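So this block is work_21.cif, mmCIF, C-alpha atoms:
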```
data_input
#
loop_
_atom_site.label_atom_id
_atom_site.label_comp_id
_atom_site.auth_asym_id
_atom_site.auth_seq_id
_atom_site.Cartn_x
_atom_site.Cartn_y
_atom_site.Cartn_z
CA MET X 963 -157.38 -134.77 162.53
CA ASN X 964 -160.97 -134.95 163.59
CA GLN X 965 -162.25 -138.48 163.92
CA GLY X 966 -165.90 -139.30 163.48
CA PHE X 967 -167.90 -142.43 164.02
CA ASP X 968 -166.81 -145.80 162.69
CA GLY X 969 -163.40 -144.66 161.58
CA TRP X 970 -164.67 -141.89 159.34
CA SER X 971 -162.72 -138.69 159.26
CA PHE X 972 -164.32 -135.34 158.79
CA LEU X 973 -163.05 -132.31 157.03
CA PRO X 974 -164.14 -129.06 158.66
CA ASN X 975 -164.03 -126.02 156.43
CA PHE X 976 -163.82 -128.12 153.30
CA SER X 977 -166.51 -128.35 150.74
CA ARG X 978 -166.89 -129.07 147.08
CA ALA X 979 -170.55 -128.17 147.04
CA GLN X 980 -171.69 -126.91 143.66
CA MET X 981 -174.78 -125.18 142.34
CA VAL X 982 -175.91 -124.09 138.89
CA GLN X 983 -179.03 -122.22 137.80
CA LEU X 984 -180.76 -121.94 134.45
CA GLY X 985 -180.02 -118.76 132.46
CA ALA X 986 -182.79 -118.94 129.85
CA ASN X 987 -186.05 -120.80 129.29
CA VAL X 988 -185.83 -124.20 127.64
CA ASN X 989 -188.56 -125.46 125.34
CA LEU X 990 -189.46 -129.11 125.90
CA THR X 991 -189.66 -130.36 122.35
CA PRO X 992 -189.84 -132.85 120.67
CA VAL X 993 -192.41 -134.84 122.57
CA SER X 994 -191.24 -137.57 124.98
CA THR X 995 -187.58 -136.64 124.57
CA TYR X 996 -185.51 -135.79 127.60
CA ILE X 997 -183.77 -132.43 127.17
CA ASP X 998 -180.74 -131.69 129.33
CA ILE X 999 -181.53 -128.65 131.44
CA LEU X 1000 -178.61 -128.32 133.86
CA SER X 1001 -175.48 -130.32 134.57
CA LEU X 1002 -172.61 -130.47 137.04
CA THR X 1003 -169.26 -132.18 136.70
CA LEU X 1004 -168.49 -133.70 140.08
CA ALA X 1005 -165.60 -135.54 141.64
CA PRO X 1006 -166.27 -139.26 141.88
CA GLY X 1007 -167.97 -140.19 145.14
CA TYR X 1008 -171.22 -140.12 147.02
CA TRP X 1009 -173.23 -136.93 146.58
CA LEU X 1010 -176.51 -135.49 147.77
CA LEU X 1011 -178.20 -134.15 144.63
CA LEU X 1012 -181.11 -131.72 144.69
CA ALA X 1013 -182.84 -130.25 141.67
CA SER X 1014 -185.77 -127.89 141.52
CA PHE X 1015 -187.34 -126.58 138.34
CA CYS X 1016 -190.22 -124.37 137.30
CA ALA X 1017 -192.32 -125.54 134.36
CA LEU X 1018 -195.29 -124.03 132.58
CA ARG X 1019 -197.57 -124.66 129.63
CA THR X 1020 -199.38 -121.57 128.45
CA ASP X 1021 -202.24 -123.10 126.52
CA GLY X 1022 -203.43 -126.22 128.28
CA GLY X 1023 -202.70 -129.04 130.64
CA CYS X 1024 -199.70 -131.28 130.13
CA PHE X 1025 -197.41 -133.91 131.51
CA VAL X 1026 -193.98 -132.98 132.85
CA GLU X 1027 -191.25 -135.49 133.61
CA ALA X 1028 -187.74 -135.07 134.97
CA LYS X 1029 -184.81 -137.25 135.87
CA LEU X 1030 -181.50 -136.86 137.64
CA TRP X 1031 -178.95 -139.00 135.83
CA ASP X 1032 -175.46 -139.29 134.38
CA GLY X 1033 -176.61 -140.12 130.86
CA THR X 1034 -176.97 -143.78 131.71
CA THR X 1035 -177.87 -144.36 135.33
CA VAL X 1036 -181.00 -142.62 136.55
CA TYR X 1037 -180.75 -141.62 140.20
CA ALA X 1038 -184.26 -140.21 140.62
CA SER X 1039 -187.24 -139.15 138.55
CA MET X 1040 -190.61 -137.47 138.84
CA GLN X 1041 -193.77 -136.81 136.89
CA SER X 1042 -196.58 -134.34 137.34
CA SER X 1043 -199.59 -133.28 135.31
CA PRO X 1044 -200.81 -129.72 135.77
CA ASP X 1045 -204.25 -129.93 134.28
CA THR X 1046 -204.96 -126.55 132.82
CA ALA X 1047 -203.18 -123.68 131.09
CA ASN X 1048 -200.82 -121.32 132.87
CA ILE X 1049 -200.44 -123.50 135.93
CA SER X 1050 -196.94 -122.78 137.13
CA GLY X 1051 -195.46 -125.81 138.81
CA GLN X 1052 -192.34 -126.12 140.90
CA TYR X 1053 -190.97 -129.63 140.98
CA ALA X 1054 -188.15 -131.28 142.87
CA VAL X 1055 -185.98 -134.32 142.26
CA VAL X 1056 -183.65 -135.47 145.03
CA ALA X 1057 -181.21 -138.35 145.32
CA THR X 1058 -178.07 -139.59 146.96
CA ALA X 1059 -175.90 -141.15 144.29
CA LEU X 1060 -172.56 -142.77 143.73
CA VAL X 1061 -171.29 -140.51 140.97
CA GLY X 1062 -168.59 -141.48 138.49
CA THR X 1063 -166.74 -139.35 136.00
CA ARG X 1064 -169.69 -138.36 133.84
CA PRO X 1065 -171.59 -135.13 134.50
CA VAL X 1066 -174.77 -135.30 136.53
CA LYS X 1067 -177.71 -133.85 134.65
CA LEU X 1068 -181.23 -132.65 135.28
CA SER X 1069 -183.20 -133.55 132.18
CA CYS X 1070 -186.86 -132.84 131.50
CA ALA X 1071 -189.42 -134.09 129.02
CA THR X 1072 -193.10 -133.86 128.28
CA ALA X 1073 -195.43 -136.54 127.03
CA SER X 1074 -197.69 -133.83 125.65
CA ASN X 1075 -197.21 -133.29 121.94
CA VAL X 1076 -197.18 -129.50 121.92
CA ALA X 1077 -194.49 -126.87 121.61
CA THR X 1078 -195.67 -124.59 124.39
CA ILE X 1079 -194.12 -126.20 127.45
CA PHE X 1080 -191.09 -124.55 128.98
CA VAL X 1081 -188.70 -125.10 131.83
CA LYS X 1082 -188.32 -121.59 133.11
CA ALA X 1083 -185.24 -119.70 134.22
CA ALA X 1084 -187.30 -117.14 136.12
CA ILE X 1085 -190.70 -117.13 137.72
CA GLY X 1086 -193.41 -115.33 135.77
CA GLN X 1087 -194.59 -112.76 138.30
CA ASN X 1088 -192.89 -110.88 141.12
CA ALA X 1089 -189.56 -111.39 139.42
CA ALA X 1090 -186.66 -112.78 141.40
CA GLY X 1091 -184.00 -113.16 138.72
CA ASN X 1092 -182.93 -116.33 136.99
CA THR X 1093 -183.18 -118.43 140.13
CA ALA X 1094 -186.21 -120.61 139.45
CA THR X 1095 -184.44 -123.73 138.19
CA THR X 1096 -181.53 -125.07 140.20
CA LEU X 1097 -179.28 -128.10 140.40
CA LEU X 1098 -177.01 -128.46 143.42
CA ALA X 1099 -174.74 -131.13 144.79
CA ILE X 1100 -173.31 -131.63 148.27
CA PRO X 1101 -170.47 -134.13 148.69
CA ILE X 1102 -171.10 -136.85 151.22
CA ALA X 1103 -167.96 -138.92 150.71
CA LEU X 1104 -165.27 -138.67 148.06
CA SER X 1105 -162.69 -141.21 147.05
CA MET Z 1366 -156.74 -135.21 152.91
CA ASN Z 1367 -158.26 -137.11 155.79
CA SER Z 1368 -159.07 -140.69 154.96
CA GLY Z 1369 -162.07 -142.63 156.11
CA THR Z 1370 -162.87 -146.29 155.78
CA ASN Z 1371 -162.35 -147.93 152.41
CA GLY Z 1372 -160.45 -144.94 151.14
CA TRP Z 1373 -163.40 -142.57 151.30
CA SER Z 1374 -163.25 -139.20 152.95
CA ALA Z 1375 -166.40 -137.80 154.44
CA GLN Z 1376 -167.14 -134.27 153.36
CA VAL Z 1377 -169.07 -132.88 156.28
CA PRO Z 1378 -167.81 -130.96 159.30
CA LEU Z 1379 -167.45 -132.89 162.55
CA ALA Z 1380 -169.63 -130.47 164.44
CA VAL Z 1381 -172.47 -130.22 161.96
CA SER Z 1382 -174.40 -127.06 162.63
CA ASN Z 1383 -177.99 -126.76 161.62
CA GLN Z 1384 -180.89 -124.48 162.28
CA GLN Z 1385 -184.58 -124.77 161.59
CA THR Z 1386 -187.64 -122.67 162.15
CA GLN Z 1387 -191.28 -123.38 161.43
CA LEU Z 1388 -194.27 -121.14 161.02
CA ALA Z 1389 -196.40 -121.02 164.17
CA SER Z 1390 -199.49 -119.38 162.71
CA ASN Z 1391 -200.87 -118.62 159.28
CA VAL Z 1392 -199.56 -115.55 157.47
CA THR Z 1393 -201.99 -113.68 155.23
CA LEU Z 1394 -200.41 -112.14 152.16
CA SER Z 1395 -202.26 -108.90 152.52
CA ALA Z 1396 -200.70 -106.82 149.74
CA THR Z 1397 -200.82 -108.33 146.28
CA ASN Z 1398 -197.58 -108.81 144.36
CA THR Z 1399 -195.52 -107.81 147.38
CA TYR Z 1400 -193.00 -110.16 148.92
CA GLN Z 1401 -193.55 -110.69 152.62
CA ASP Z 1402 -190.91 -112.37 154.76
CA ILE Z 1403 -192.35 -115.55 156.22
CA LEU Z 1404 -189.46 -117.20 158.07
CA SER Z 1405 -185.87 -116.21 158.75
CA LEU Z 1406 -182.68 -117.53 160.30
CA THR Z 1407 -179.51 -115.71 161.28
CA LEU Z 1408 -176.68 -117.78 159.83
CA GLY Z 1409 -173.02 -117.37 160.62
CA ALA Z 1410 -170.19 -117.07 158.13
CA GLY Z 1411 -169.70 -120.20 156.07
CA GLN Z 1412 -171.31 -122.22 153.35
CA TRP Z 1413 -174.84 -123.40 154.03
CA LEU Z 1414 -177.38 -125.64 152.39
CA VAL Z 1415 -180.59 -123.68 152.89
CA MET Z 1416 -183.96 -125.25 152.18
CA ALA Z 1417 -187.46 -123.90 152.61
CA ASN Z 1418 -190.90 -125.25 151.99
CA LEU Z 1419 -194.10 -123.27 152.24
CA CYS Z 1420 -197.68 -124.50 152.17
CA VAL Z 1421 -199.80 -121.92 150.36
CA ASN Z 1422 -203.54 -121.68 149.92
CA ARG Z 1423 -206.28 -119.40 148.70
CA THR Z 1424 -209.77 -119.70 150.05
CA ALA Z 1425 -211.53 -117.74 147.32
CA ALA Z 1426 -210.30 -118.91 143.92
CA SER Z 1427 -207.17 -119.47 141.87
CA SER Z 1428 -203.93 -117.60 142.45
CA ASP Z 1429 -200.26 -117.57 141.61
CA PHE Z 1430 -197.73 -117.72 144.43
CA GLU Z 1431 -194.06 -116.85 144.30
CA ALA Z 1432 -191.42 -117.61 146.89
CA LYS Z 1433 -187.82 -116.54 147.14
CA LEU Z 1434 -184.90 -117.37 149.36
CA TRP Z 1435 -182.91 -114.19 149.93
CA ASN Z 1436 -180.93 -112.00 152.28
CA GLY Z 1437 -182.96 -108.88 151.65
CA THR Z 1438 -180.95 -108.05 148.54
CA ILE Z 1439 -179.56 -111.13 146.86
CA VAL Z 1440 -182.00 -113.80 145.69
CA TYR Z 1441 -180.56 -117.30 146.01
CA ALA Z 1442 -183.50 -119.27 144.63
CA SER Z 1443 -187.12 -118.75 143.65
CA SER Z 1444 -190.25 -120.76 143.01
CA GLU Z 1445 -193.71 -120.31 141.54
CA VAL Z 1446 -196.88 -122.35 141.76
CA THR Z 1447 -200.49 -121.83 140.80
CA ILE Z 1448 -203.54 -122.82 142.78
CA TRP Z 1449 -206.33 -123.10 140.27
CA LEU Z 1450 -209.24 -123.80 142.59
CA ALA Z 1451 -210.12 -122.45 146.00
CA ASN Z 1452 -208.80 -124.46 148.93
CA THR Z 1453 -206.40 -126.61 146.97
CA PRO Z 1454 -203.19 -125.94 148.89
CA GLN Z 1455 -199.83 -126.49 147.30
CA GLU Z 1456 -196.36 -126.96 148.67
CA MET Z 1457 -193.57 -124.74 147.37
CA GLN Z 1458 -189.90 -125.42 147.85
CA VAL Z 1459 -186.75 -123.40 147.35
CA PHE Z 1460 -183.20 -124.44 148.12
CA ALA Z 1461 -179.72 -123.17 147.47
CA ILE Z 1462 -176.11 -123.31 148.51
CA VAL Z 1463 -175.42 -120.01 150.23
CA THR Z 1464 -171.94 -118.73 151.01
CA LEU Z 1465 -171.83 -116.05 153.71
CA SER Z 1466 -168.82 -113.99 154.73
CA ILE Z 1467 -170.55 -112.53 157.80
CA ALA Z 1468 -173.56 -113.40 159.92
CA THR Z 1469 -176.62 -112.83 157.75
CA LEU Z 1470 -180.37 -112.93 158.13
CA VAL Z 1471 -181.55 -115.36 155.47
CA ARG Z 1472 -185.25 -115.30 154.76
CA VAL Z 1473 -187.91 -117.04 152.75
CA ALA Z 1474 -190.46 -114.60 151.42
CA CYS Z 1475 -193.74 -115.15 149.61
CA ALA Z 1476 -195.96 -113.09 147.33
CA SER Z 1477 -199.20 -113.72 145.50
CA SER Z 1478 -201.21 -112.08 142.77
CA ASN Z 1479 -204.44 -112.04 144.73
CA THR Z 1480 -205.91 -111.31 148.12
CA THR Z 1481 -207.26 -113.94 150.51
CA THR Z 1482 -204.02 -115.85 150.10
CA VAL Z 1483 -202.31 -117.51 153.01
CA VAL Z 1484 -199.07 -119.23 153.92
CA GLN Z 1485 -200.18 -122.06 156.13
CA ALA Z 1486 -198.56 -123.04 159.40
CA ALA Z 1487 -200.36 -126.39 159.25
CA ASN Z 1488 -201.97 -128.47 156.57
CA VAL Z 1489 -205.51 -127.44 155.75
CA SER Z 1490 -206.74 -130.98 156.25
CA ASP Z 1491 -205.32 -134.06 157.97
CA ALA Z 1492 -203.40 -131.77 160.29
CA ALA Z 1493 -199.89 -132.66 161.37
CA GLY Z 1494 -199.14 -129.74 163.65
CA ASN Z 1495 -197.51 -126.47 162.75
CA THR Z 1496 -194.93 -128.10 160.51
CA ALA Z 1497 -196.14 -127.27 157.03
CA SER Z 1498 -193.87 -124.28 156.40
CA THR Z 1499 -190.23 -124.69 157.33
CA LEU Z 1500 -186.87 -123.01 156.81
CA THR Z 1501 -183.83 -125.23 157.40
CA ALA Z 1502 -180.11 -124.53 157.11
CA VAL Z 1503 -177.21 -126.99 157.39
CA LEU Z 1504 -173.64 -125.77 157.60
CA ILE Z 1505 -171.58 -127.62 155.00
CA ALA Z 1506 -168.27 -125.75 155.15
#
```
Could you take the file, read its structure, and then write that structure out as structure tokens?
Amino acid sequence: MNQGFDGWSFLPNFSRAQMVQLGANVNLTPVSTYIDILSLTLAPGYWLLLASFCALRTDGGCFVEAKLWDGTTVYASMQSSPDTANISGQYAVVATALVGTRPVKLSCATASNVATIFVKAAIGQNAAGNTATTLLAIPIALS
Amino acid sequence: MNSGTNGWSAQVPLAVSNQQTQLASNVTLSATNTYQDILSLTLGAGQWLVMANLCVNRTAASSDFEAKLWNGTIVYASSEVTIWLANTPQEMQVFAIVTLSIATLVRVACASSNTTTVVQAANVSDAAGNTASTLTAVLIA
């Protein structure tokens, strides 16, 4: 058994890392309502959570908000405001979290009352597949 | 399962392996809508957390920029941003969990829809050295 610092033990060649990517665009409507975009069911424990998403409004500026949460506890959040139409934005939300039994979710909302704001599965030009919106989790310590 | 303090088991290898490379000089995206490799790392077999950030700018006017993390064939993650005024740099990020069965050159590539577009080695203002565009990989299994 490998022994680390402070009595911790490490597990080479063992990982429960998980990643999921969005398969189709998601329309952020209704206004100011968080829509679940991606989720992962994780073993209880401490996890490093990273989410990246691509968002776009085609006909004007807008607000975009996101949170990493389990449906109750919010681990991290962000807000941005691209200020004109067709401004593609790539946004990140990152946290370390003590995760329980409920799925961890990336949810997005907009405070702009329009129906033309999307979280995108794929970038708009120079296509690279449905890889533009990602949620991943790396275990730090599991019970 | 190995047990740590308080019943927890840490989930990282003892000998954590990581690699990082940073852009040393600006790269001009000379051909429009054509991905150009910006940074690369040769990673051994295993599961890696790979993260890249690129600082992009256009000196003339607005432009879209796309970035992808890939091995030359498979795209692991992608990103898109728009600069809507000249000289308003933006930071792009892409990250993914990458599982490799053999040693593989993993790259971050960038494209844009216009000329006079640049991936910056350093911030355009308030410089902080050639640290603005980075590719990092951490072995996780």
With the PyMOL selection byres ((chain X and resi 1005-1015) around 9) as the selection, what would be picked from this file? Answer as number ranges by chain, please.
X: 978, 984, 1003-1004, 1016-1017, 1030, 1051-1064, 1066, 1068, 1081-1083, 1094-1105; Z: 1373, 1444, 1458-1460
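Residues captured in this structure file are Lys1029, Leu1030, Asp1032, Gly1033, Thr1034, Thr1035, Val1036, Tyr1037, Ala1038, Ser1039, Pro1065, Val1066, Lys1067, Leu1068 and Ser1069 of chain X, according to the PyMOL selection byres ((chain X and resi 1031) around 9).
Here CA of Thr1386 in chain Z is placed at a distance of 23.2 Å from CA of Arg1423 in chain Z.
Restricting the calculation to all atoms listed in the file, the smallest distance between Ser1395 in chain Z and any of Z:Thr1496, Z:Gln1485, Z:Thr1501, Z:Ser1477 is found for Z:Ser1477.
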Decode the PyMOL selection byres ((chain Z and resi 1394) around 12) for the given file into explicit residues and return them as a ChimeraX atom specification.
/Z:1391-1393,1395-1403,1421-1423,1428-1432,1474-1485
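Between chain Z and the candidates X:Ser1074, X:Ser1043, X:Asn989, X:Thr1093, the tightest atom-to-atom separation, counting only C-alpha atoms, involves X:Thr1093.
One distance worth recording is that between CA of Ala979 in chain X and CA of Ala1502 in chain Z, which is 14.4 Å.
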Here's a test: counting all atoms listed in the file, identify every protein, DNA and RNA residue with an atom at most 7 Å from (-192.0, -125.8, 125.0) in the file's coordinate frame, and state them as an NGL selection string.
:X and (988-991 or 1077-1080)
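Computed from the coordinates, the CA of Ala1468 in chain Z to CA of Thr1499 in chain Z distance equals 20.3 Å.
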